[in-house]
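Take a look at the structure set out below.
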Amino acid sequence: MKKLSILLALALTFSLASCGEVTDRSVDTGNEDTDGAIESVNTTADETAAKEADTTAPEAIETYTAVLDNGTTVIVGGEADMFITTQGEPLNYMEAPSCIHEGFDKVYTFDGYSVTTSPAADKTQYIAELSLLSDAVALEGGLMIGGSASDAEAVFGTEYEEQFGVRKYTLEGATVSIVLDGDTVSGITISSTRS
């Protein structure tokens with residue numbers, strides 16, 4: 001059972017590393033004449049001033065705070081470097097090129113859990129995912145590998161989508177996936193909604 005839990009957690013972890021097809025995001029501006037030459041676009045002083053005045057604050061990043069019973073706090077969606085440096089040497093480390101932003105997706109495995117980090121658009125690393133791998137740790141509230149479906153409901157509630165034995169809870173800043181083997185929890189993953 002323990003090996004199955006680890007394999008399921010690793011499979012969920014590496015779902016981040018699978019890249020989709022790159023699509024062309026170019027936009028037809030309609031500024032070509034019939035000869036195919038591009039027309040010049042004149043920007044008025046008012047338009048330029050309006051663009052320069054647009055100093056809206058960057059959009060706030062939603063995070064989800066997961067607390068483990070060993071005292072570890074993981075801010076899923078939050079900055080990764082400080083968290084990783086405070087955890088000590090991981091039991092295992094893997095990385096793969098990210099298919100979303102320049103840089104690497106990194107997986108740090110600790111006793112009973114793993115943390116996956118991804119590069120953000122600003123080139124910093126953020127915590128993309130927390131996966132519980134064994135019953136060595138539990139989430140605050142007692143939910144752990146080997147627990148029951150009712151334990152998951154006690155922590156996350158009864159509003160979820162379930163498909164193929166995986167319950168998905170949509171929370172502010174994260175999606176929680178609970179893998180069930182019958183009534184027994186065999187996998188727990190908390191994924192950031194940040195991209």
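Chains: A, B, ... in order of the structure tokens. Residues: from 1 per chain. Ligands: from 1, in order shown.
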Looking only at strand (DSSP E) from DSSP on the backbone, list the matching residues of stretch 34-183 of chain A as number ranges by chain. A: 64-67, 73-76, 92-97, 104-110, 113-119, 125-132, 161-163, 166-171, 174-181
Residue neighbourhood stretch 62-76 of chain A, 9 Å, only C-alpha atoms, exclusion window fewer than 3 positions, as a PyMOL selection string: chain A and resi 79-80+83+87+115+126-130+136-142+171-174+190-194
Would you write out those residues with N, CA and C atoms, as a PDB file, in the first residue's frame?
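Result file is result00.pdb:
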```pdb
ATOM      1  N   GLU A  79       6.246  31.875  -2.378  1.00  0.00           N
ATOM      2  CA  GLU A  79       7.657  31.878  -2.769  1.00  0.00           C
ATOM      3  C   GLU A  79       8.341  30.625  -2.221  1.00  0.00           C
ATOM      4  N   ALA A  80       9.163  29.976  -3.051  1.00  0.00           N
ATOM      5  CA  ALA A  80       9.727  28.676  -2.697  1.00  0.00           C
ATOM      6  C   ALA A  80      11.095  28.734  -2.039  1.00  0.00           C
ATOM      7  N   PHE A  83      11.317  28.646   1.811  1.00  0.00           N
ATOM      8  CA  PHE A  83      10.812  27.377   2.338  1.00  0.00           C
ATOM      9  C   PHE A  83      11.857  26.280   2.156  1.00  0.00           C
ATOM     10  N   GLN A  87      14.166  23.802   5.105  1.00  0.00           N
ATOM     11  CA  GLN A  87      13.805  22.390   5.286  1.00  0.00           C
ATOM     12  C   GLN A  87      14.996  21.457   5.435  1.00  0.00           C
ATOM     13  N   VAL A 115       7.519  18.458  -2.265  1.00  0.00           N
ATOM     14  CA  VAL A 115       7.132  19.808  -2.678  1.00  0.00           C
ATOM     15  C   VAL A 115       7.664  20.018  -4.091  1.00  0.00           C
ATOM     16  N   TYR A 126       8.067  29.353  -7.252  1.00  0.00           N
ATOM     17  CA  TYR A 126       6.949  29.309  -6.312  1.00  0.00           C
ATOM     18  C   TYR A 126       6.573  27.853  -6.053  1.00  0.00           C
ATOM     19  N   ILE A 127       5.910  27.611  -4.934  1.00  0.00           N
ATOM     20  CA  ILE A 127       5.490  26.254  -4.587  1.00  0.00           C
ATOM     21  C   ILE A 127       4.235  25.935  -5.383  1.00  0.00           C
ATOM     22  N   ALA A 128       4.385  25.011  -6.320  1.00  0.00           N
ATOM     23  CA  ALA A 128       3.279  24.648  -7.196  1.00  0.00           C
ATOM     24  C   ALA A 128       2.437  23.516  -6.624  1.00  0.00           C
ATOM     25  N   GLU A 129       3.074  22.658  -5.794  1.00  0.00           N
ATOM     26  CA  GLU A 129       2.335  21.489  -5.339  1.00  0.00           C
ATOM     27  C   GLU A 129       2.956  20.894  -4.076  1.00  0.00           C
ATOM     28  N   LEU A 130       2.098  20.422  -3.206  1.00  0.00           N
ATOM     29  CA  LEU A 130       2.482  19.651  -2.021  1.00  0.00           C
ATOM     30  C   LEU A 130       1.800  18.297  -2.140  1.00  0.00           C
ATOM     31  N   ALA A 136       3.738   9.154   7.336  1.00  0.00           N
ATOM     32  CA  ALA A 136       4.727   9.784   8.225  1.00  0.00           C
ATOM     33  C   ALA A 136       4.304  11.189   8.630  1.00  0.00           C
ATOM     34  N   VAL A 137       3.449  11.829   7.814  1.00  0.00           N
ATOM     35  CA  VAL A 137       2.920  13.159   8.141  1.00  0.00           C
ATOM     36  C   VAL A 137       1.429  13.189   7.830  1.00  0.00           C
ATOM     37  N   ALA A 138       0.760  14.138   8.452  1.00  0.00           N
ATOM     38  CA  ALA A 138      -0.668  14.351   8.215  1.00  0.00           C
ATOM     39  C   ALA A 138      -0.910  15.844   8.065  1.00  0.00           C
ATOM     40  N   LEU A 139      -2.000  16.183   7.405  1.00  0.00           N
ATOM     41  CA  LEU A 139      -2.421  17.576   7.351  1.00  0.00           C
ATOM     42  C   LEU A 139      -3.030  17.954   8.689  1.00  0.00           C
ATOM     43  N   GLU A 140      -3.002  19.243   8.979  1.00  0.00           N
ATOM     44  CA  GLU A 140      -3.685  19.729  10.169  1.00  0.00           C
ATOM     45  C   GLU A 140      -5.131  19.250  10.087  1.00  0.00           C
ATOM     46  N   GLY A 141      -5.638  18.708  11.113  1.00  0.00           N
ATOM     47  CA  GLY A 141      -6.976  18.126  11.095  1.00  0.00           C
ATOM     48  C   GLY A 141      -6.912  16.611  11.026  1.00  0.00           C
ATOM     49  N   GLY A 142      -5.696  16.058  10.844  1.00  0.00           N
ATOM     50  CA  GLY A 142      -5.516  14.619  10.909  1.00  0.00           C
ATOM     51  C   GLY A 142      -5.619  13.862   9.604  1.00  0.00           C
ATOM     52  N   LEU A 171     -10.463  25.151  -3.703  1.00  0.00           N
ATOM     53  CA  LEU A 171     -10.337  26.085  -2.596  1.00  0.00           C
ATOM     54  C   LEU A 171      -9.757  27.392  -3.123  1.00  0.00           C
ATOM     55  N   GLU A 172      -9.769  28.415  -2.303  1.00  0.00           N
ATOM     56  CA  GLU A 172      -9.160  29.675  -2.700  1.00  0.00           C
ATOM     57  C   GLU A 172      -7.646  29.476  -2.773  1.00  0.00           C
ATOM     58  N   GLY A 173      -7.092  29.600  -3.972  1.00  0.00           N
ATOM     59  CA  GLY A 173      -5.650  29.483  -4.173  1.00  0.00           C
ATOM     60  C   GLY A 173      -5.137  28.088  -4.443  1.00  0.00           C
ATOM     61  N   ALA A 174      -5.989  27.062  -4.356  1.00  0.00           N
ATOM     62  CA  ALA A 174      -5.493  25.695  -4.545  1.00  0.00           C
ATOM     63  C   ALA A 174      -6.605  24.732  -4.931  1.00  0.00           C
ATOM     64  N   ILE A 190      -1.999  18.895  -3.008  1.00  0.00           N
ATOM     65  CA  ILE A 190      -2.538  20.251  -2.994  1.00  0.00           C
ATOM     66  C   ILE A 190      -1.777  21.033  -4.055  1.00  0.00           C
ATOM     67  N   SER A 191      -2.480  21.475  -5.097  1.00  0.00           N
ATOM     68  CA  SER A 191      -1.872  22.152  -6.248  1.00  0.00           C
ATOM     69  C   SER A 191      -2.276  23.615  -6.282  1.00  0.00           C
ATOM     70  N   SER A 192      -1.326  24.472  -6.578  1.00  0.00           N
ATOM     71  CA  SER A 192      -1.579  25.912  -6.686  1.00  0.00           C
ATOM     72  C   SER A 192      -2.411  26.196  -7.927  1.00  0.00           C
ATOM     73  N   THR A 193      -3.254  27.218  -7.836  1.00  0.00           N
ATOM     74  CA  THR A 193      -4.001  27.681  -8.995  1.00  0.00           C
ATOM     75  C   THR A 193      -3.208  28.746  -9.760  1.00  0.00           C
ATOM     76  N   ARG A 194      -2.041  29.102  -9.257  1.00  0.00           N
ATOM     77  CA  ARG A 194      -1.156  30.099  -9.874  1.00  0.00           C
ATOM     78  C   ARG A 194      -0.514  29.511 -11.126  1.00  0.00           C
TER      79      ARG A 194
END
```
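We find atom CA of A:Ala154 and atom CA of A:Leu132 to be spaced 17.5 Å apart.
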Measuring between only C-alpha atoms, which one of A:Leu91, A:Val107, A:Ala152, A:Val185 shows the shortest distance to A:Ser134? A:Val185
